[in-house]
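Let me begin by presenting the structure, written as structure tokens, before commenting on it.
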Amino acid sequence: MTKLWPTYAEALQAPTLDEAIKLSDNGQKIIDAASEEIGSYEDLVESTRAYEDLSVSDFLDRALKALSISHPNLSLLDLAEVGAAEASSITDVPTDGGHGAQFLALNAAASVHLDANRFNSLLRETAQFCLNSPRLEKVAAERRALDGLAESARLLWESLTSFEAILLRENDEQALMRRTIKFYGEIYEDVAGPLFAWYNLLAGIKNQPYEKLIQADAAALARNLVHNSQTSSFLEDVGANLRNAAQHGNSFFLDGQRVTFNLRSYQEELTYAEVLDQFFSLLESTSAMSWSLSNSLTQAGFPLPTKEADAAYMNLSPFRLAVLWLRDRGTNVLDACETSESWSFTIDGDRNEVLELALTFMKTAPEALSEVTVRTLTLEAPLKIPFSAYGQFLTVRDDSVPSATVLAMLELWNACTMDGKPLLSTSDLKFATAVVGMFVLLKRDNSLIPHLRRTLELASSAGQPEVIDVIKQVYSQIRIPEEAKTRRLATKLNAWREESAAPTMPQSGAVTVYR
């Protein structure tokens, strides 16, 4: 906006009409650009308000709402892709989709509440430092190194949950300032401490094992980073004074808008604003350092582990993510139920996608899960599919031998049931017999005889005497071929192939996949 007024002043003083019009046009372009920038900032503010709307208790719900405001009309996958591209453009390092979405949320909050320029600068410096550190993989392989970072994420969630509960109930400024200082201490020890240890090791400042180094004083680790040329810009200061005040009783008192600190090693009087500035400075540093380290570890093949109990506590369980994915793709989820052994979804959608959804969920579900059911508003009995049979089908599906794929389909159909009865039909068996029998009979491909034998076993189990008889005729002509009989048998097999439809994936309005 500072460019606008001089431009119009020049227009008013321009010696010719053409020059005045050009200068006026420049002024309008600046206005348009400023309007666009203001609009973008308003979107950021609105997005951040959604993120901070504590009436919505779930953190993930707030984050997704915020991202839908700052980046409208984008799916979760689109958000991840856009975020990864934006993060990579700032940091100049590869970024995966998960860290891309996380970057968008962090960047929105930084643009409104933090020093956005410092945050982006920190992000670039720390991202390149971590990715280029020759010690990254060595530290990642150390005992407790990855687990320690993962646990710090859980502790951050606990601290945020407690702090937000206070913000919801507390209106007194002094009480909120006290809690903010206490919150600073928790973040410093539980979240920043493990990060400081990691960065000490990555910079080569310390060489002892992570498991031992994490026991060191967090302030000493921070001091090492501040005094090292590789990492000195990552922290504005050691930050120990506020941390110490948070951990000691009667170490500070409040009067008006000022906080007086009275520790043996630290005495100072600060305004509320100065305290908050230190608090936000720590958040800027830890957010950038944490994102960069986690992204670099993922790029190096060391994604942070998440225990199922921690994921459940943070409401980031696989089941929750499955529901989010369904809704994100536009599926109307009427009901979703989770037990220790099963997932169940009722959707208002196309019955032709039910099987695909059930199989997709079972592939990504925890190993302890016994079954996944997806159904539309239907009264039909569910199609039941053993997941092991489907897995076996997948291993053969892309086989270059067509008969192997057909047989794999028969095996799957024989394992699938509806109302307790196998799906395998007479038509399926005739088609398989025709395909395999023709190759064996006319091309003398004896490698397919095991396929023919298995088809015979399935026909016997299903009680299909006509199919059994034809397969036995094929065996007979292999042993003692007679031209006329072979010709008649080939004609019959060809007729079966034309009359019978090839087995296809079944569609049902209700599907249960079980282990």
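Note on naming: chains are A, B, ... as they come in the structure tokens, residues start from 1 per chain, ligands start from 1 in the order shown.
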
- Message: Excluding A:Leu149 and its own-chain neighbours fewer than 2 positions away, which residues fall within 12 Å of it when counting only C-alpha atoms? Please give them as a PyMOL selection string.
- Response: chain A and resi 139-140+143-147+151-156+190-199+210-211+214+289-291+293-294+297+302-306

- Task: Between A:Phe361, A:Phe279, A:Phe234, A:Phe119, single out the one closest to A:Gly185, counting only C-alpha atoms.
- Result: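 For A:Gly185, the nearest of the candidates is A:Phe279.
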
- Here atom CA of A:Asp78 and atom CA of A:Trp325 stand apart by 12.2 Å

- Query: What lies within 7 Å of A:Gly437 using only C-alpha atoms, ignoring chain neighbours under 4 positions off, as a ChimeraX atom specification?
  - Reply: /A:433,441,452,474

Those selected residues, please, written with all heavy atoms and delivered as a PDB file, in the first residue's frame.
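Written out: part03.pdb:
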ATOM      1  N   THR A 433     -13.342 -74.406 -17.621  1.00  0.00           N
ATOM      2  CA  THR A 433     -13.070 -75.683 -18.292  1.00  0.00           C
ATOM      3  C   THR A 433     -12.792 -75.469 -19.775  1.00  0.00           C
ATOM      4  O   THR A 433     -11.884 -76.085 -20.349  1.00  0.00           O
ATOM      5  CB  THR A 433     -14.274 -76.627 -18.120  1.00  0.00           C
ATOM      6  OG1 THR A 433     -14.493 -76.858 -16.726  1.00  0.00           O
ATOM      7  CG2 THR A 433     -14.026 -77.959 -18.821  1.00  0.00           C
ATOM      8  N   LEU A 441      -6.025 -79.314 -24.849  1.00  0.00           N
ATOM      9  CA  LEU A 441      -6.448 -80.227 -25.903  1.00  0.00           C
ATOM     10  C   LEU A 441      -5.827 -79.898 -27.262  1.00  0.00           C
ATOM     11  O   LEU A 441      -5.334 -80.788 -27.965  1.00  0.00           O
ATOM     12  CB  LEU A 441      -7.981 -80.198 -26.011  1.00  0.00           C
ATOM     13  CG  LEU A 441      -8.649 -81.260 -26.886  1.00  0.00           C
ATOM     14  CD1 LEU A 441      -8.435 -82.642 -26.283  1.00  0.00           C
ATOM     15  CD2 LEU A 441     -10.151 -80.970 -27.014  1.00  0.00           C
ATOM     16  N   LEU A 452      -6.254 -77.766 -14.875  1.00  0.00           N
ATOM     17  CA  LEU A 452      -7.420 -78.570 -15.235  1.00  0.00           C
ATOM     18  C   LEU A 452      -7.816 -79.485 -14.078  1.00  0.00           C
ATOM     19  O   LEU A 452      -9.008 -79.677 -13.787  1.00  0.00           O
ATOM     20  CB  LEU A 452      -7.097 -79.396 -16.486  1.00  0.00           C
ATOM     21  CG  LEU A 452      -8.288 -80.084 -17.167  1.00  0.00           C
ATOM     22  CD1 LEU A 452      -9.281 -79.055 -17.678  1.00  0.00           C
ATOM     23  CD2 LEU A 452      -7.797 -80.975 -18.313  1.00  0.00           C
ATOM     24  N   VAL A 474     -11.482 -84.609 -21.700  1.00  0.00           N
ATOM     25  CA  VAL A 474     -10.230 -83.939 -22.081  1.00  0.00           C
ATOM     26  C   VAL A 474      -9.041 -84.805 -21.676  1.00  0.00           C
ATOM     27  O   VAL A 474      -8.097 -85.013 -22.464  1.00  0.00           O
ATOM     28  CB  VAL A 474     -10.130 -82.538 -21.442  1.00  0.00           C
ATOM     29  CG1 VAL A 474      -8.759 -81.924 -21.731  1.00  0.00           C
ATOM     30  CG2 VAL A 474     -11.235 -81.633 -21.951  1.00  0.00           C
TER      31      VAL A 474
END

- Task: From the DSSP assignment of the backbone, select every residue of stretch 330-375 of chain A that is helix (DSSP H, G or I), and format the answer as a VMD selection string.
- Result: chain A and resid 351 to 364

Within 12 Å of A:Lys430, counting only C-alpha atoms, which residues show up once you throw out same-chain ones fewer than 5 positions away? Write them as a PDB file with N, CA and C atoms, in the first residue's frame, please.
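Result file is part03.pdb:
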ATOM      1  N   VAL A 406      -7.912 -67.067 -14.666  1.00  0.00           N
ATOM      2  CA  VAL A 406      -9.271 -67.619 -14.598  1.00  0.00           C
ATOM      3  C   VAL A 406      -9.393 -68.557 -13.396  1.00  0.00           C
ATOM      4  N   LEU A 407      -8.386 -69.403 -13.203  1.00  0.00           N
ATOM      5  CA  LEU A 407      -8.430 -70.333 -12.085  1.00  0.00           C
ATOM      6  C   LEU A 407      -8.386 -69.596 -10.742  1.00  0.00           C
ATOM      7  N   LEU A 410     -11.741 -68.479 -10.001  1.00  0.00           N
ATOM      8  CA  LEU A 410     -12.574 -69.581  -9.502  1.00  0.00           C
ATOM      9  C   LEU A 410     -12.330 -69.829  -8.017  1.00  0.00           C
ATOM     10  N   LEU A 424     -19.374 -69.531  -6.514  1.00  0.00           N
ATOM     11  CA  LEU A 424     -18.969 -70.264  -7.702  1.00  0.00           C
ATOM     12  C   LEU A 424     -20.186 -70.876  -8.391  1.00  0.00           C
ATOM     13  N   SER A 425     -20.357 -70.572  -9.690  1.00  0.00           N
ATOM     14  CA  SER A 425     -21.537 -71.014 -10.437  1.00  0.00           C
ATOM     15  C   SER A 425     -21.166 -72.012 -11.525  1.00  0.00           C
ATOM     16  N   VAL A 435     -11.647 -72.660 -21.298  1.00  0.00           N
ATOM     17  CA  VAL A 435     -10.374 -71.961 -21.522  1.00  0.00           C
ATOM     18  C   VAL A 435      -9.185 -72.894 -21.296  1.00  0.00           C
ATOM     19  N   VAL A 436      -9.166 -73.552 -20.134  1.00  0.00           N
ATOM     20  CA  VAL A 436      -8.034 -74.429 -19.813  1.00  0.00           C
ATOM     21  C   VAL A 436      -8.038 -75.657 -20.724  1.00  0.00           C
ATOM     22  N   GLY A 437      -9.239 -76.239 -20.943  1.00  0.00           N
ATOM     23  CA  GLY A 437      -9.346 -77.445 -21.767  1.00  0.00           C
ATOM     24  C   GLY A 437      -8.888 -77.219 -23.195  1.00  0.00           C
ATOM     25  N   MET A 438      -9.236 -76.068 -23.776  1.00  0.00           N
ATOM     26  CA  MET A 438      -8.836 -75.781 -25.163  1.00  0.00           C
ATOM     27  C   MET A 438      -7.313 -75.700 -25.291  1.00  0.00           C
ATOM     28  N   LEU A 452      -6.254 -77.766 -14.875  1.00  0.00           N
ATOM     29  CA  LEU A 452      -7.420 -78.570 -15.235  1.00  0.00           C
ATOM     30  C   LEU A 452      -7.816 -79.485 -14.078  1.00  0.00           C
ATOM     31  N   THR A 455      -9.621 -77.486 -11.493  1.00  0.00           N
ATOM     32  CA  THR A 455     -10.984 -77.181 -11.946  1.00  0.00           C
ATOM     33  C   THR A 455     -11.891 -78.393 -11.718  1.00  0.00           C
ATOM     34  N   LEU A 456     -11.361 -79.593 -11.959  1.00  0.00           N
ATOM     35  CA  LEU A 456     -12.108 -80.820 -11.718  1.00  0.00           C
ATOM     36  C   LEU A 456     -12.470 -80.958 -10.239  1.00  0.00           C
ATOM     37  N   LEU A 458     -12.827 -78.523  -8.050  1.00  0.00           N
ATOM     38  CA  LEU A 458     -13.853 -77.530  -7.711  1.00  0.00           C
ATOM     39  C   LEU A 458     -15.221 -77.964  -8.231  1.00  0.00           C
ATOM     40  N   ALA A 459     -15.246 -78.550  -9.446  1.00  0.00           N
ATOM     41  CA  ALA A 459     -16.514 -79.023 -10.010  1.00  0.00           C
ATOM     42  C   ALA A 459     -17.079 -80.166  -9.175  1.00  0.00           C
ATOM     43  N   GLN A 464     -21.109 -80.695  -9.959  1.00  0.00           N
ATOM     44  CA  GLN A 464     -21.397 -80.338 -11.351  1.00  0.00           C
ATOM     45  C   GLN A 464     -21.007 -81.516 -12.262  1.00  0.00           C
ATOM     46  N   PRO A 465     -21.903 -82.504 -12.406  1.00  0.00           N
ATOM     47  CA  PRO A 465     -21.554 -83.722 -13.159  1.00  0.00           C
ATOM     48  C   PRO A 465     -21.222 -83.467 -14.626  1.00  0.00           C
ATOM     49  N   GLU A 466     -21.897 -82.515 -15.273  1.00  0.00           N
ATOM     50  CA  GLU A 466     -21.629 -82.253 -16.686  1.00  0.00           C
ATOM     51  C   GLU A 466     -20.214 -81.734 -16.880  1.00  0.00           C
ATOM     52  N   VAL A 467     -19.796 -80.817 -16.005  1.00  0.00           N
ATOM     53  CA  VAL A 467     -18.437 -80.271 -16.083  1.00  0.00           C
ATOM     54  C   VAL A 467     -17.423 -81.370 -15.807  1.00  0.00           C
ATOM     55  N   ILE A 468     -17.701 -82.202 -14.797  1.00  0.00           N
ATOM     56  CA  ILE A 468     -16.801 -83.308 -14.452  1.00  0.00           C
ATOM     57  C   ILE A 468     -16.603 -84.225 -15.651  1.00  0.00           C
ATOM     58  N   ASP A 469     -17.705 -84.549 -16.330  1.00  0.00           N
ATOM     59  CA  ASP A 469     -17.642 -85.454 -17.466  1.00  0.00           C
ATOM     60  C   ASP A 469     -16.789 -84.885 -18.597  1.00  0.00           C
ATOM     61  N   VAL A 470     -16.956 -83.602 -18.916  1.00  0.00           N
ATOM     62  CA  VAL A 470     -16.200 -82.978 -20.002  1.00  0.00           C
ATOM     63  C   VAL A 470     -14.705 -82.947 -19.669  1.00  0.00           C
ATOM     64  N   ILE A 471     -14.362 -82.620 -18.441  1.00  0.00           N
ATOM     65  CA  ILE A 471     -12.947 -82.591 -18.053  1.00  0.00           C
ATOM     66  C   ILE A 471     -12.329 -83.981 -18.183  1.00  0.00           C
ATOM     67  N   LYS A 492     -17.504 -78.510 -28.416  1.00  0.00           N
ATOM     68  CA  LYS A 492     -18.274 -78.327 -27.183  1.00  0.00           C
ATOM     69  C   LYS A 492     -17.610 -77.297 -26.264  1.00  0.00           C
ATOM     70  N   LEU A 493     -16.295 -77.403 -26.143  1.00  0.00           N
ATOM     71  CA  LEU A 493     -15.565 -76.445 -25.286  1.00  0.00           C
ATOM     72  C   LEU A 493     -15.700 -75.015 -25.832  1.00  0.00           C
ATOM     73  N   ASN A 494     -15.609 -74.882 -27.129  1.00  0.00           N
ATOM     74  CA  ASN A 494     -15.737 -73.547 -27.736  1.00  0.00           C
ATOM     75  C   ASN A 494     -17.136 -72.985 -27.508  1.00  0.00           C
ATOM     76  N   ALA A 495     -18.145 -73.847 -27.570  1.00  0.00           N
ATOM     77  CA  ALA A 495     -19.528 -73.409 -27.316  1.00  0.00           C
ATOM     78  C   ALA A 495     -19.683 -72.954 -25.870  1.00  0.00           C
ATOM     79  N   TRP A 496     -19.077 -73.712 -24.935  1.00  0.00           N
ATOM     80  CA  TRP A 496     -19.119 -73.295 -23.523  1.00  0.00           C
ATOM     81  C   TRP A 496     -18.442 -71.938 -23.334  1.00  0.00           C
ATOM     82  N   ARG A 497     -17.328 -71.748 -24.027  1.00  0.00           N
ATOM     83  CA  ARG A 497     -16.607 -70.481 -23.882  1.00  0.00           C
ATOM     84  C   ARG A 497     -17.464 -69.309 -24.361  1.00  0.00           C
ATOM     85  N   GLU A 498     -18.206 -69.537 -25.460  1.00  0.00           N
ATOM     86  CA  GLU A 498     -19.029 -68.455 -26.006  1.00  0.00           C
ATOM     87  C   GLU A 498     -20.303 -68.233 -25.190  1.00  0.00           C
ATOM     88  N   GLU A 499     -20.847 -69.305 -24.632  1.00  0.00           N
ATOM     89  CA  GLU A 499     -22.114 -69.207 -23.894  1.00  0.00           C
ATOM     90  C   GLU A 499     -21.913 -68.688 -22.471  1.00  0.00           C
ATOM     91  N   SER A 500     -20.782 -69.004 -21.897  1.00  0.00           N
ATOM     92  CA  SER A 500     -20.546 -68.682 -20.477  1.00  0.00           C
ATOM     93  C   SER A 500     -19.750 -67.392 -20.360  1.00  0.00           C
ATOM     94  N   ALA A 501     -20.207 -66.533 -19.464  1.00  0.00           N
ATOM     95  CA  ALA A 501     -19.492 -65.274 -19.230  1.00  0.00           C
ATOM     96  C   ALA A 501     -18.258 -65.528 -18.381  1.00  0.00           C
ATOM     97  N   ALA A 502     -17.218 -64.787 -18.681  1.00  0.00           N
ATOM     98  CA  ALA A 502     -16.001 -64.879 -17.852  1.00  0.00           C
ATOM     99  C   ALA A 502     -16.313 -64.389 -16.440  1.00  0.00           C
ATOM    100  N   PRO A 503     -15.758 -65.050 -15.429  1.00  0.00           N
ATOM    101  CA  PRO A 503     -15.996 -64.600 -14.049  1.00  0.00           C
ATOM    102  C   PRO A 503     -15.549 -63.149 -13.865  1.00  0.00           C
TER     103      PRO A 503
END

- Name the closest residue to A:Leu242 among the candidates A:Gln208, A:Gln278, A:Asn228, A:Asn117; distances are taken between atoms, counting only C-alpha atoms.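 Ranking A:Gln208, A:Gln278, A:Asn228, A:Asn117 by distance to A:Leu242, first place goes to A:Gln278.
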
- Message: So, with only C-alpha atoms as the atoms that count, which of A:His451, A:Arg178, A:Arg444, A:Lys206 lies closest to A:Thr260?
- Response: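 The shortest atom-to-atom distance to A:Thr260 comes from A:Arg178.
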